[in-house]
Structure formats: C-alpha cells, structure tokens
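Engineer: Next up, upload_18.tsv (TSV, C-alpha atoms).
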```tsv
chain	number	residue	atom	x	y	z
A	1	MET	CA	51.98	-43.36	-101.56
A	2	GLN	CA	55.11	-41.83	-100.07
A	3	GLU	CA	55.31	-38.49	-98.31
A	4	LEU	CA	58.54	-36.51	-98.53
A	5	ALA	CA	58.77	-33.73	-95.95
A	6	LEU	CA	60.79	-31.15	-94.06
A	7	TYR	CA	59.84	-29.40	-90.81
A	8	ALA	CA	60.64	-26.32	-88.75
A	9	ALA	CA	59.34	-24.78	-85.51
A	10	VAL	CA	58.39	-21.10	-85.39
A	11	PRO	CA	57.74	-19.20	-82.12
A	12	ASP	CA	54.57	-17.16	-81.95
A	13	ALA	CA	56.58	-13.92	-81.95
A	14	ARG	CA	57.94	-14.65	-85.45
A	15	LEU	CA	54.66	-15.70	-87.05
A	16	SER	CA	54.07	-12.44	-88.91
A	17	GLN	CA	57.59	-12.40	-90.38
A	18	VAL	CA	57.41	-16.01	-91.57
A	19	HIS	CA	53.86	-15.58	-92.90
A	20	THR	CA	54.90	-12.51	-94.92
A	21	SER	CA	57.98	-14.27	-96.29
A	22	LEU	CA	56.03	-17.35	-97.38
A	23	THR	CA	53.39	-15.16	-99.02
A	24	GLY	CA	56.06	-13.36	-101.04
A	25	LEU	CA	57.97	-16.51	-101.90
A	26	THR	CA	54.93	-18.43	-103.13
A	27	GLY	CA	53.22	-15.41	-104.72
A	28	MET	CA	49.83	-16.37	-103.30
A	29	ARG	CA	47.40	-15.48	-100.58
A	30	PRO	CA	47.43	-18.45	-98.26
A	31	LEU	CA	44.39	-20.64	-97.76
A	32	GLU	CA	43.06	-20.81	-94.22
A	33	LEU	CA	43.20	-24.16	-92.47
A	34	LEU	CA	41.13	-25.33	-89.51
A	35	ASP	CA	41.06	-29.09	-89.08
A	36	HIS	CA	39.77	-31.42	-86.39
A	37	HIS	CA	41.96	-34.50	-85.81
A	38	ILE	CA	40.59	-37.52	-83.94
A	39	VAL	CA	43.25	-40.15	-83.27
A	40	PHE	CA	42.49	-43.83	-82.73
A	41	THR	CA	44.80	-46.54	-81.38
A	42	PRO	CA	44.47	-50.33	-81.28
A	43	ALA	CA	42.50	-51.70	-78.35
A	44	ALA	CA	44.55	-53.32	-75.58
A	45	SER	CA	43.32	-56.74	-76.64
A	46	SER	CA	44.08	-57.84	-80.18
A	47	GLY	CA	41.62	-60.71	-80.36
A	48	SER	CA	39.76	-59.60	-83.47
A	49	GLY	CA	40.78	-60.82	-86.89
A	50	ALA	CA	41.09	-57.26	-88.21
A	51	ASN	CA	43.37	-56.23	-85.38
A	52	GLN	CA	45.42	-59.38	-85.83
A	53	ALA	CA	45.87	-58.58	-89.52
A	54	LEU	CA	46.98	-55.03	-88.75
A	55	ALA	CA	49.50	-56.29	-86.23
A	56	THR	CA	50.88	-58.87	-88.65
A	57	ALA	CA	51.34	-56.20	-91.33
A	58	ALA	CA	53.20	-53.89	-88.95
A	59	VAL	CA	56.90	-53.86	-88.16
A	60	THR	CA	56.55	-56.49	-85.43
A	61	PRO	CA	53.67	-58.83	-84.58
A	62	LEU	CA	52.85	-56.73	-81.51
A	63	GLU	CA	52.64	-53.31	-83.12
A	64	ALA	CA	50.04	-51.50	-85.22
A	65	PRO	CA	49.78	-47.89	-86.45
A	66	ARG	CA	47.50	-45.17	-85.15
A	67	ILE	CA	44.70	-43.92	-87.39
A	68	ASP	CA	44.39	-40.14	-87.71
A	69	VAL	CA	40.89	-39.11	-88.82
A	70	VAL	CA	40.69	-35.51	-90.07
A	71	ARG	CA	37.95	-33.17	-91.23
A	72	SER	CA	37.94	-29.47	-92.09
A	73	LYS	CA	35.96	-27.22	-89.75
A	74	ILE	CA	35.85	-24.47	-92.40
A	75	ASP	CA	34.12	-26.47	-95.13
A	76	GLN	CA	31.03	-27.90	-93.46
A	77	ASP	CA	30.43	-30.19	-96.45
A	78	SER	CA	33.84	-31.84	-96.20
A	79	HIS	CA	34.24	-35.55	-95.49
A	80	TRP	CA	36.40	-37.30	-92.92
A	81	THR	CA	39.78	-38.50	-94.21
A	82	LEU	CA	41.53	-41.48	-92.62
A	83	ASN	CA	45.33	-41.20	-92.54
A	84	VAL	CA	47.64	-44.09	-91.67
A	85	TYR	CA	51.38	-43.38	-91.54
A	86	THR	CA	54.43	-45.59	-91.18
A	87	ILE	CA	57.52	-44.69	-89.21
A	88	PRO	CA	59.85	-42.53	-91.36
A	89	GLU	CA	62.53	-44.42	-93.23
A	90	ALA	CA	65.95	-44.70	-91.63
A	91	GLY	CA	69.23	-43.80	-93.31
A	92	LYS	CA	71.00	-40.67	-94.45
A	93	ARG	CA	68.56	-38.63	-96.50
A	94	SER	CA	68.17	-34.93	-97.21
A	95	VAL	CA	64.39	-35.12	-96.65
A	96	GLN	CA	62.12	-37.28	-94.53
A	97	VAL	CA	60.41	-40.17	-96.34
A	98	ARG	CA	57.50	-42.23	-95.01
A	99	ALA	CA	54.61	-44.20	-96.47
A	100	VAL	CA	51.08	-42.86	-96.02
A	101	ASN	CA	47.65	-44.19	-96.86
A	102	ARG	CA	44.85	-41.63	-97.16
A	103	SER	CA	41.24	-42.75	-97.59
A	104	GLN	CA	38.17	-40.52	-97.65
A	105	ALA	CA	34.90	-41.53	-96.04
A	106	LEU	CA	32.44	-40.54	-98.76
A	107	ALA	CA	29.34	-40.55	-96.56
A	108	GLY	CA	28.46	-40.54	-92.88
A	109	SER	CA	30.72	-41.21	-89.92
A	110	PRO	CA	33.73	-43.55	-90.22
A	111	PHE	CA	33.84	-44.26	-86.49
A	112	LYS	CA	31.80	-47.48	-86.57
A	113	PHE	CA	34.11	-48.89	-89.24
A	114	ILE	CA	37.20	-47.92	-87.22
A	115	ARG	CA	35.74	-49.51	-84.09
A	116	ALA	CA	35.12	-52.71	-86.06
A	117	LEU	CA	38.85	-52.79	-86.87
A	118	GLY	CA	39.56	-53.03	-83.14
A	119	TYR	CA	40.53	-49.37	-82.68
A	120	VAL	CA	39.41	-47.03	-79.89
A	121	TYR	CA	39.40	-43.25	-79.39
A	122	ALA	CA	42.75	-42.03	-77.98
A	123	PHE	CA	42.74	-38.22	-78.19
A	124	ASP	CA	41.80	-35.33	-80.45
A	125	TYR	CA	43.03	-31.84	-81.26
A	126	LEU	CA	42.32	-28.83	-83.44
A	127	GLU	CA	44.86	-27.58	-85.97
A	128	LYS	CA	44.65	-24.09	-87.43
A	129	GLY	CA	46.86	-22.06	-89.72
A	130	TYR	CA	47.67	-21.43	-93.37
A	131	ILE	CA	48.40	-23.40	-96.53
A	132	PHE	CA	50.85	-22.25	-99.21
A	133	VAL	CA	51.99	-23.97	-102.42
A	134	TYR	CA	55.59	-23.58	-103.55
A	135	ASN	CA	56.70	-24.24	-107.14
A	136	GLY	CA	53.34	-25.80	-107.93
A	137	ILE	CA	54.11	-29.01	-106.05
A	138	VAL	CA	55.29	-28.43	-102.46
A	139	VAL	CA	52.46	-27.99	-99.96
A	140	VAL	CA	53.59	-25.78	-97.07
A	141	THR	CA	51.46	-25.64	-93.92
A	142	LEU	CA	52.06	-23.16	-91.11
A	143	THR	CA	49.97	-24.38	-88.19
A	144	GLN	CA	49.51	-24.58	-84.43
A	145	ILE	CA	47.48	-27.09	-82.46
A	146	ALA	CA	45.03	-27.04	-79.56
A	147	PRO	CA	44.87	-30.32	-77.60
A	148	GLN	CA	41.36	-31.19	-76.40
A	149	SER	CA	40.07	-32.91	-73.27
A	150	ALA	CA	38.36	-36.24	-73.88
A	151	PRO	CA	34.54	-36.17	-73.70
A	152	GLN	CA	33.18	-37.59	-70.45
A	153	ILE	CA	31.48	-40.58	-72.07
A	154	TYR	CA	32.62	-44.08	-71.23
A	155	GLU	CA	29.97	-46.44	-72.59
A	156	ASP	CA	31.23	-46.75	-76.14
A	157	ASP	CA	34.29	-45.50	-78.00
A	158	GLU	CA	32.20	-44.77	-81.07
A	159	LEU	CA	30.04	-42.43	-78.96
A	160	VAL	CA	33.15	-40.75	-77.56
A	161	ALA	CA	34.40	-40.00	-81.06
A	162	ASP	CA	30.97	-38.76	-82.13
A	163	ALA	CA	30.81	-36.47	-79.09
A	164	ALA	CA	34.31	-35.12	-79.81
A	165	ALA	CA	33.37	-34.48	-83.44
A	166	ARG	CA	30.34	-32.40	-82.40
A	167	SER	CA	31.40	-30.57	-79.28
A	168	ARG	CA	34.72	-28.83	-79.92
A	169	ASP	CA	34.63	-25.08	-79.18
A	170	LEU	CA	36.65	-23.28	-81.84
A	171	LYS	CA	36.60	-19.88	-80.13
A	172	PHE	CA	37.79	-20.90	-76.68
A	173	SER	CA	40.33	-23.61	-77.47
A	174	THR	CA	43.85	-22.91	-76.18
A	175	TYR	CA	46.53	-23.24	-78.83
A	176	LEU	CA	50.16	-24.07	-78.12
A	177	PRO	CA	52.51	-21.05	-78.56
A	178	THR	CA	54.72	-22.71	-81.20
A	179	TRP	CA	53.82	-22.88	-84.88
A	180	VAL	CA	55.04	-25.75	-87.05
A	181	ILE	CA	56.00	-25.49	-90.69
A	182	LYS	CA	55.61	-28.68	-92.66
A	183	ALA	CA	56.66	-28.72	-96.30
A	184	HIS	CA	55.69	-31.93	-98.06
A	185	VAL	CA	55.16	-33.62	-101.41
A	186	ASP	CA	53.08	-36.78	-101.90
A	187	VAL	CA	54.59	-39.14	-104.45
A	188	ALA	CA	52.52	-41.97	-105.91
A	189	ARG	CA	54.37	-45.28	-106.27
A	190	ASP	CA	53.35	-47.63	-109.08
A	191	GLY	CA	56.37	-49.92	-109.15
A	192	VAL	CA	57.71	-48.70	-112.48
A	193	ALA	CA	61.10	-47.31	-113.40
A	194	ASN	CA	60.13	-43.65	-113.07
A	195	ASP	CA	59.37	-44.00	-109.32
A	196	GLN	CA	62.94	-42.97	-108.51
A	197	GLU	CA	62.69	-39.99	-110.85
A	198	ARG	CA	59.52	-38.82	-109.08
A	199	LEU	CA	61.19	-39.13	-105.68
A	200	GLN	CA	64.22	-37.20	-106.87
A	201	PHE	CA	62.05	-34.49	-108.42
A	202	ALA	CA	60.14	-34.04	-105.14
A	203	THR	CA	63.39	-34.03	-103.16
A	204	ASP	CA	64.85	-31.34	-105.42
A	205	ARG	CA	61.80	-29.11	-104.91
A	206	LEU	CA	61.95	-29.48	-101.13
A	207	GLU	CA	65.65	-28.70	-101.11
A	208	ALA	CA	64.99	-25.62	-103.25
A	209	LEU	CA	62.47	-24.39	-100.68
A	210	ARG	CA	64.95	-25.01	-97.88
A	211	TYR	CA	67.51	-22.93	-99.78
A	212	ASP	CA	65.06	-20.10	-100.43
A	213	LEU	CA	64.16	-19.92	-96.73
A	214	ARG	CA	67.75	-19.99	-95.47
A	215	GLY	CA	68.45	-17.26	-92.94
A	216	LEU	CA	64.77	-17.12	-91.98
A	217	ILE	CA	64.04	-20.65	-90.82
A	218	SER	CA	65.92	-23.93	-90.97
A	219	LEU	CA	63.84	-26.67	-92.57
A	220	ASP	CA	65.12	-30.02	-91.36
A	221	ILE	CA	64.30	-33.66	-90.62
A	222	PRO	CA	63.07	-34.37	-87.07
A	223	ASP	CA	64.14	-37.46	-85.17
A	224	ARG	CA	62.22	-40.29	-86.85
A	225	MET	CA	61.08	-41.66	-83.46
A	226	VAL	CA	59.19	-38.41	-82.78
A	227	LEU	CA	56.90	-39.28	-85.70
A	228	ASP	CA	56.70	-43.00	-84.95
A	229	PRO	CA	52.96	-43.86	-85.23
A	230	ARG	CA	53.26	-47.42	-83.97
A	231	VAL	CA	51.40	-48.53	-80.85
A	232	GLN	CA	52.08	-51.60	-78.75
A	233	ILE	CA	49.30	-54.21	-78.69
A	234	HIS	CA	49.13	-56.20	-75.45
A	235	ARG	CA	47.75	-59.69	-75.93
```
Here is a file; write its structure as structure tokens.
Structural biologist:
Amino acid sequence: MQELALYAAVPDARLSQVHTSLTGLTGMRPLELLDHHIVFTPAASSGSGANQALATAAVTPLEAPRIDVVRSKIDQDSHWTLNVYTIPEAGKRSVQVRAVNRSQALAGSPFKFIRALGYVYAFDYLEKGYIFVYNGIVVVTLTQIAPQSAPQIYEDDELVADAAARSRDLKFSTYLPTWVIKAHVDVARDGVANDQERLQFATDRLEALRYDLRGLISLDIPDRMVLDPRVQIHR
C-alpha cells in the first residue's frame, strides 16, 4: 500500500481557528483521537534470521525500519496495529509518497512476536486530537503528541513494552505546544494498469484540499529525511 500525504504545523494559539475551518470545510463533527504509540527498533546485534531478513530487504544490508505499534485509548476493545513505513520517495512531486504496511494484531499482545523479530522497545508517546474526512477520501488528522519516559524495567524488552502499554497517565501527560495536520490517502497497489489512475486521483484530492485551505495553512511536503524510519544495525 502507498500513502500519499501533505503536512502542516499549527501553533496552539491557532487551534480553534483551524479546527473551526476544517469542521466547516468537511461538513462534519470531527472524531476524537487518542492513540498510544510504542516504537520498536532493531536490536544492536542482527544475529537472528528474522533480523537478517529485514536488513536484507531494506535499502542497504545494514538498515531496517522501525515498527510503530498503535492502539486507541478511547476504544478499549481496539486491537494493536503494527505500522511499518519506508522512507518517502525522492523526486519532484506535489505530494509525499511512501510505502506502508499495516497489520492488525487480532488477539492479545504483539510484543512477543516483535521481540522474536529481533526488535526492542525504543520509546513511546501519546497522540491526541481530531479526525476529519475531506471529499470522502482524504483523512485529515489534527494532533499533538506527548512523549513519555521509558518504564524503569530492564530485564526484558517485552516487559518494558507491556509496562508502557498499561501505565500511561492520560490526564497528566505533557503535550507539545505545536499541532500537526496530516492529510493522507492510502492507495492499494495491485500491479495493474489502473494503479497510476488511483495515485493521480488521490493526488488530485490532496491538492484540492491544499487549495481550499490556502490563506489559512500551507499544506506541504516535509524534508523526506525527517520521516526516514530506517535504523542502523551494528553487526
């Protein structure tokens, strides 16, 4: 799957104005979002077969992507979703394009599986905000994040992740003062001729949103290295 996206930063002082404008533009009451992200990176040693395979599939033999594991804190019955991103594509484009693989853990905790891949807990954060849908296809999130301190458990990375999943205090977390707008469309790729048409259709919708928001915010493409998910593996 490919994700096409545009981004913008919004200072806290302008939140109300942007929120009102997006509500009017989309004609909907936004959905509330409160997600917990736990990020895993490859272990320093890449001796396992799984880690070796990940490194071989990456851009260079000594790099592998982070795994971002996400679950809603609003819906207590929600499952963890594992997200693996590639670095955004290079070249002159009007929107950002990168590949993404999203897999849902249908039952229980995914942390043991992730540990078996040779990955360890790196950091976690809370993300709160609002979700809008523009033109029936563009998902627009307006969010801010609260970085979290790592749990003081050192025996096992799986236990660290479990502790982080259970212990985060939603009321007393400190959120960064800047909100981020992300407008994105996920496009399935099946290798047939209409792939390019789908990409162009998604691009057109994102550009239409950028036009509709002109004068309020400037949706743009960030430096691709800012969103580079690759991690060096030291062997």
Engineer: Would you please work out which residue, of A:Lys128, A:Arg102, A:Lys73, A:Lys182, is nearest to Leu219 (chain A) when using all atoms listed in the file?
Structural biologist: A:Lys182
Engineer: What is the CA of Arg210 (chain A) to CA of Val226 (chain A) distance in Å?
Structural biologist: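 Value for the CA of Arg210 (chain A)-CA of Val226 (chain A) distance: 21.0 Å.
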Engineer: Which polymer residues have any atom within 9 Å of an atom of Ile145 (chain A), counting all atoms listed in the file, with same-chain residues fewer than 3 positions away left out, as a list in words?
Structural biologist: Tyr125, Leu126, Glu127, Lys128, Gly129, Thr174, Tyr175, Leu176, Pro177, Thr178, Trp179 and Val180 of chain A
Engineer: Quick check, in Å to one decimal: how far apart do CA of Leu199 (chain A) and CA of Ile137 (chain A) lie?
Structural biologist: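 Pair CA of Leu199 (chain A) / CA of Ile137 (chain A) returns 12.4 Å.
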Engineer: Neighbourhood query: residues within 6 Å of (41.1, -35.3, -94.3), file coordinates, counting all atoms listed in the file; return as a list in words.
Structural biologist: Val70, Arg71, Trp80 and Thr81 of chain A
Engineer: Do you know which residues lie at most 8 Å from (38.6, -32.3, -78.8), with coordinates as in the file and only C-alpha atoms counted, and could you write them as an MDAnalysis selection string?
Structural biologist: chainID A and resid 36 38 123:126 147:151 164:165 167:168
Engineer: Identify, on the basis of all atoms listed in the file, every residue whose closest approach to Gln96 (chain A) does not exceed 10 Å; exclude the query and any residue fewer than 3 positions from it along the same chain; express the result as a VMD selection string.
Structural biologist: chain A and resid 3 to 7 88 to 93 184 203 220 to 224
Engineer: Which value, in Å to one decimal, gives the distance between CA of Val100 (chain A) and CA of Tyr211 (chain A)?
Structural biologist: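 Calculated distance between CA of Val100 (chain A) and CA of Tyr211 (chain A) is 26.1 Å.
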Engineer: Between A:Ile87, A:Ala43, A:Val185, A:Ala99, which has the minimum distance to Ala116 (chain A) (counting all atoms listed in the file)?
Structural biologist: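 Once distances to Ala116 (chain A) are computed over all atoms listed in the file, the minimum belongs to A:Ala43.
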Engineer: Excluding Leu25 (chain A) and its own-chain neighbours fewer than 3 positions away, which residues fall within 8 Å of it when counting only C-alpha atoms? Please give them as JSON, numbers by chain.
Structural biologist: {"A": [21, 22, 134]}
Engineer: Can you work out which one of A:Leu31, A:Val187, A:Val18, A:Ile114 has the shortest atom-to-atom distance to Phe201 (chain A), counting only C-alpha atoms?
Structural biologist: A:Val187
Engineer: Between A:Asp12, A:Glu63, A:Asp186, A:Glu32, single out the one closest to Asp228 (chain A), counting all atoms listed in the file.
Structural biologist: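 Of all the options, A:Glu63 lies closest to Asp228 (chain A).
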Engineer: Would you please work out which residue, of A:Ala122, A:Arg189, A:Ser109, A:Leu117, is nearest to Asp162 (chain A) when using only C-alpha atoms?
Structural biologist: A:Ser109
Engineer: Considering all atoms listed in the file, return as a PyMOL selection string whatever protein or nucleic-acid residues lie within 7 Å of Arg230 (chain A), sequence-local ones (same chain, fewer than 6 positions apart) excluded.
Structural biologist: chain A and resi 63-66
Engineer: So which one's closest to Leu142 (chain A), A:Asp190, A:Ile181, A:Gln200, A:Val95? Using all atoms listed in the file, please.
Structural biologist: A:Ile181
Engineer: I'd like the box whose edges run along x, y and z of the file and which contains every listed atom of region 66-77 of chain A, padded by 5 Å per side; could you state its centre and edge lengths in Å, one decimal, as AutoDock Vina command-line options?
Structural biologist:
```
--center_x 39.0 --center_y -34.8 --center_z -90.8 --size_x 27.1 --size_y 30.7 --size_z 21.3
```
